[in-house]
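Here is the structure we will look at.
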Amino acid sequence: AVLSGNMAANATAALTADLRLSDKTPAPPAARLKLDTSRPWYKIDGFGGNYCWSNSSPFSAYTLKNLKVAWARTEMKTRQWDTQRDNPGPEIRADLERMREFQTMGIPYVISIWWLPERLFTDPYEKTRSGNFRLVDPAKWDELLDLLGSYLLFAKKEYGVEPDLFSFNEANRGVYVGFTAATHNEAIKRIGPYFQKLGLKTKMLLADATGPRDTHRFALEAASDPEALRYVGAIGFHTWGAGTLQNYKDWGDVAEWLNLPLLVTELGVDAAAYHTRSWDSYHYGLRETHLTQELLMYARPQGMQHWQFTQDYALARVGQGGAVEPSARFWLMKHFTDLTPRKSEALRSSSDQKSVLFTAFRKGNAYALHILNMGAAREAALEGLPDGAWQPYETTEAAQYRQKAVLRSNAGALRVGLPARSFVTLTAIP
């Protein structure tokens with residue numbers, strides 16, 4: 001009891017307690033991590049992010065400057081473009097400037113549509129802007145093609161940019177333009193030839209679906225149509241809500257069957273985190289890192305685009321004086337973007353502990369070994385490494401991206417400490 005008996009008005013009471021953990025859990029055994037360097041598994045271009053909204057924000061410029069972006073994605077703002085063709089406004093120009101930077105830096109990128117002008121829908125002016133599964137009016141396809149083509153031709157002529165891939169965002173759920181598997185296939189066969197006719201290099205991104213649970217089926221009709229596949233350059237999906245390991249494998253299997261690059265075009269954990277800012281925490285960053293490791297192990301993507309590298313789900317904060325300050329999530333992402341060699345090959349790897357996830361990449365003599373420890377502190381015993389010096393980078397909630405003392409592997413073996421709830425990357429030192 002904090003206080004016994006009656007309490008008078010405005011009376012106060014207090015309780016002070018010291019809490020002590022009496023249980024002494026034994027330290028977990030060392031995780032046994034095996035690496036197979038005998039042959040490559042799959043190729044990966046690298047990691048990047050979405051630059052769809054707020055490209056004029058300081059966060060957008062900060063991530064592009066301070067992370068080694070290997071893939072990007074932006075938005076085609078067709079509602080604004082429809083009324084601004086003669087003089088595009090600041091939002092469109094900020095997007096085009098960012099695309100020009102991508103192209104200058106050799107970063108491939110996707111351009112996607114969320115919203116269309118109301119007149120192009122079968123139910124114009126009957127739903128709010130966030131209304132799902134809006135259908136394109138069959139009688140308005142010529143207008144839609146002209147809208148898309150005019151944007152891309154302007155971008156090419158005025159800014160010298162051409163997106164590598166084009167998609168409607170999450171069309172399987174209609175966020176916010178909806179297609180069935182059949183109409184998605186037909187849309188590819190309408191838009192793809194039209195872009196080709198205009199002399200554009202932009203190809204179609206198959207699916208771009210959300211979330212990962214059995215949504216690979218949305219791609220299968222177009223995947224089985226040779227005519228549609230002539231215009232497809234890659235296949236993509238989003239990860240909101242996460243999925244099973246089999247779900248990720250299914251996506252990788254479809255891409256492998258089609259011999260097309262697989263892109264995780266929106267890498268995100270919780271679509272509702274936008275309302276609570278729970279994304280602005282180390283815990284959320286660990287969940288993203290865990291998801292990334294699982295995708296690398298089962299989906300085998302060629303590129304991954306984190307949501308987002310702008311102020312939406314931002315990897316940084318604005319500090320005193322308006323300076324951009326990276327959050328702990330930023331440094332977790334930097335392990336992937338900066339330490340993984342671009343255009344490298346994934347190597348098969350394994351861990352004997354469920355809470356320790358291990359992935360590995362190689363380009364020539366450059367290696368990146370990513371080790372995520374979701375549990376208590378322990379050691380990891382690595383096997384199968386080439387002998388030499390290894391530089392560990394370590395991120396915990398208390399301290400991020402710290403270079404630790406150089407380690408040396410001998411007879412293919414090396415031991416490394418894994419702090420609790422940490423991400424450790426080892427890079428080979430030439």
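Quick note on naming: the chains in the structure tokens go A, B, ... in the order shown, residues restart at 1 in each chain, and ligands are numbered from 1 in order of appearance.
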Taking only stretch 195-288 of chain A into account, list the residues labelled strand (DSSP E or B) by DSSP (computed from the backbone), as a PyMOL selection string. chain A and resi 203-209+232-238+262-267
So that I can check the surroundings of A:Ile235, please list as a VMD selection string every protein, DNA and RNA residue that reaches within 7 Å of it, counting only C-alpha atoms and ignoring chain neighbours fewer than 2 positions away. chain A and resid 205 to 208 255 260 to 263
Those residues you just picked out, can you put them in a file as a PDB file, in the first residue's frame with C-alpha atoms?
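Produced file part_21.pdb, reproduced below:
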ATOM      1  CA  LEU A 205       8.857  -2.813 -62.842  1.00  0.00           C
ATOM      2  CA  LEU A 206       6.795  -5.974 -62.452  1.00  0.00           C
ATOM      3  CA  ALA A 207       4.482  -6.073 -59.386  1.00  0.00           C
ATOM      4  CA  ASP A 208       5.936  -3.475 -56.951  1.00  0.00           C
ATOM      5  CA  ALA A 255      12.827 -13.514 -59.990  1.00  0.00           C
ATOM      6  CA  LEU A 260      15.216 -10.662 -63.655  1.00  0.00           C
ATOM      7  CA  PRO A 261      16.688  -8.528 -60.855  1.00  0.00           C
ATOM      8  CA  LEU A 262      14.611  -8.581 -57.659  1.00  0.00           C
ATOM      9  CA  LEU A 263      14.226  -5.255 -55.852  1.00  0.00           C
TER      10      LEU A 263
END
A:Glu345 environment, 8 Å, only C-alpha atoms, sequence neighbours closer than 2 positions dropped, as a ChimeraX atom specification: /A:40-44,343,347,361-363
Which residues come within 12 Å of A:Gln391, counting only C-alpha atoms, excluding same-chain residues fewer than 6 positions away, as JSON, numbers by chain? {"A": [339, 366, 367, 368, 369, 370, 401, 402, 403, 404, 405, 406, 407, 408, 409, 414, 416, 424, 425, 426, 427, 428, 429, 430]}
Selected residues written out, C-alpha atoms, as a compact mmCIF listing (two decimals), in the first residue's frame:
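Once everything was written out, this is again02.txt:
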# COMPACT_ATOMS: atom_id res chain seq x y z
CA LEU A 339 30.53 -1.51 -45.81
CA ALA A 366 36.92 -7.12 -50.43
CA TYR A 367 34.57 -8.79 -47.94
CA ALA A 368 31.74 -7.63 -45.68
CA LEU A 369 30.46 -10.01 -43.01
CA HIS A 370 27.30 -8.72 -41.28
CA TYR A 401 29.56 2.57 -35.93
CA ARG A 402 32.66 2.22 -33.77
CA GLN A 403 35.83 0.76 -35.25
CA LYS A 404 37.15 -1.85 -32.87
CA ALA A 405 40.60 -3.43 -32.62
CA VAL A 406 41.70 -5.29 -35.75
CA LEU A 407 41.31 -9.08 -35.59
CA ARG A 408 43.21 -11.78 -37.46
CA SER A 409 41.81 -15.02 -38.81
CA LEU A 414 38.23 -16.06 -35.91
CA VAL A 416 34.59 -11.85 -32.24
CA VAL A 424 28.76 -6.04 -36.05
CA THR A 425 30.34 -5.94 -39.52
CA LEU A 426 33.78 -7.31 -40.35
CA THR A 427 35.57 -6.00 -43.44
CA ALA A 428 38.73 -7.56 -44.88
CA ILE A 429 41.82 -5.37 -44.74
CA PRO A 430 43.94 -5.72 -47.92
Using only C-alpha atoms, can you tell me which of A:Leu385, A:Ser422, A:Pro88, A:Ala377 comes closest to A:Pro29?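 Nearest candidate to A:Pro29 out of A:Leu385, A:Ser422, A:Pro88, A:Ala377: A:Ala377.
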Let me make sure I understand: among A:Asp338, A:Glu221, A:Glu227, A:Asp137, which one has the smallest atom-to-atom distance to A:Val254 if we use only C-alpha atoms? A:Glu221
So that I can see what lies close to stretch 310-314 of chain A, please list as number ranges by chain the residues with an atom at most 8 Å from it, counting only C-alpha atoms and leaving out residues fewer than 6 positions away in the same chain. A: 50-55, 57-60, 63, 274, 277, 279-280
Of the candidates A:Val318, A:Ala323, A:Gly388, A:Leu372, which one gets nearest to A:Leu291 if we count only C-alpha atoms?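 For A:Leu291, the nearest of the candidates is A:Leu372.
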Neighbours of A:Asp82 within 10 Å (only C-alpha atoms; same-chain residues fewer than 5 positions away dropped), as a PyMOL selection string? chain A and resi 77+88+116-117+147-148+150-151
Write the residues of the preceding selection, restricted to C-alpha atoms, as a PDB file, in the first residue's frame.
ATOM      1  CA  LYS A  77       3.721  13.447 -59.131  1.00  0.00           C
ATOM      2  CA  PRO A  88       6.615  22.752 -62.959  1.00  0.00           C
ATOM      3  CA  LEU A 116      -3.525  10.262 -60.681  1.00  0.00           C
ATOM      4  CA  PRO A 117      -5.672  13.234 -61.726  1.00  0.00           C
ATOM      5  CA  LEU A 147       0.549  12.355 -69.132  1.00  0.00           C
ATOM      6  CA  LEU A 148       3.270   9.796 -68.366  1.00  0.00           C
ATOM      7  CA  SER A 150       5.120  14.151 -71.326  1.00  0.00           C
ATOM      8  CA  TYR A 151       6.619  13.983 -67.816  1.00  0.00           C
TER       9      TYR A 151
END
Choose the residue, out of A:Gln196, A:Ser281, A:Thr289, A:Asn10, that has the smallest atom-to-atom separation from A:His306; count only C-alpha atoms. A:Thr289
Kindly give the distance, in Å, that separates atom CA of A:Arg287 and atom CA of A:Ser112, rounded to a single decimal.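 Atom-to-atom, atom CA of A:Arg287 and atom CA of A:Ser112 are spaced 25.9 Å apart.
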Rounded to one decimal in Å, what is the spacing between atom CA of A:Thr202 and atom CA of A:Ala222?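 Atom-to-atom, atom CA of A:Thr202 and atom CA of A:Ala222 are spaced 17.7 Å apart.
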Near-A:Arg415 list (8 Å; only C-alpha atoms; drop same-chain fewer than 5 positions) as a PDB file with N, CA, C and O atoms, in the first residue's frame:
ATOM      1  N   GLU A 379      29.939 -14.465 -27.691  1.00  0.00           N
ATOM      2  CA  GLU A 379      30.992 -14.489 -28.704  1.00  0.00           C
ATOM      3  C   GLU A 379      30.460 -15.188 -29.944  1.00  0.00           C
ATOM      4  O   GLU A 379      29.486 -15.953 -29.891  1.00  0.00           O
ATOM      5  N   ALA A 380      31.123 -14.926 -31.061  1.00  0.00           N
ATOM      6  CA  ALA A 380      30.845 -15.662 -32.288  1.00  0.00           C
ATOM      7  C   ALA A 380      32.140 -16.304 -32.754  1.00  0.00           C
ATOM      8  O   ALA A 380      33.192 -15.646 -32.792  1.00  0.00           O
ATOM      9  N   ALA A 381      32.065 -17.569 -33.081  1.00  0.00           N
ATOM     10  CA  ALA A 381      33.204 -18.297 -33.631  1.00  0.00           C
ATOM     11  C   ALA A 381      32.969 -18.474 -35.122  1.00  0.00           C
ATOM     12  O   ALA A 381      32.067 -19.209 -35.535  1.00  0.00           O
ATOM     13  N   LEU A 382      33.751 -17.779 -35.942  1.00  0.00           N
ATOM     14  CA  LEU A 382      33.588 -17.833 -37.389  1.00  0.00           C
ATOM     15  C   LEU A 382      34.514 -18.877 -37.983  1.00  0.00           C
ATOM     16  O   LEU A 382      35.672 -19.004 -37.566  1.00  0.00           O
TER      17      LEU A 382
END
Find the distance between atom CA of A:Ala399 and atom CA of A:Ala17 and write it in Å to one decimal.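 Between atom CA of A:Ala399 and atom CA of A:Ala17 the gap works out to 29.4 Å.
Counting only C-alpha atoms, the residue from A:Lys68, A:Lys34, A:Arg20, A:Arg421 that sits nearest to A:Thr359 is A:Lys34.
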Name the closest residue to A:Arg173 among the candidates A:Ala209, A:Ala9, A:Ala155, A:Met374; distances are taken between atoms, counting only C-alpha atoms.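 Looking only at the distances to A:Arg173, the closest residue turns out to be A:Ala209.
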Give the alpha helix (DSSP H) residues of stretch 31-216 of chain A, as DSSP finds them on the backbone, and put them as an MDAnalysis selection string. chainID A and resid 58:66 78:84 90:104 141:159 181:197
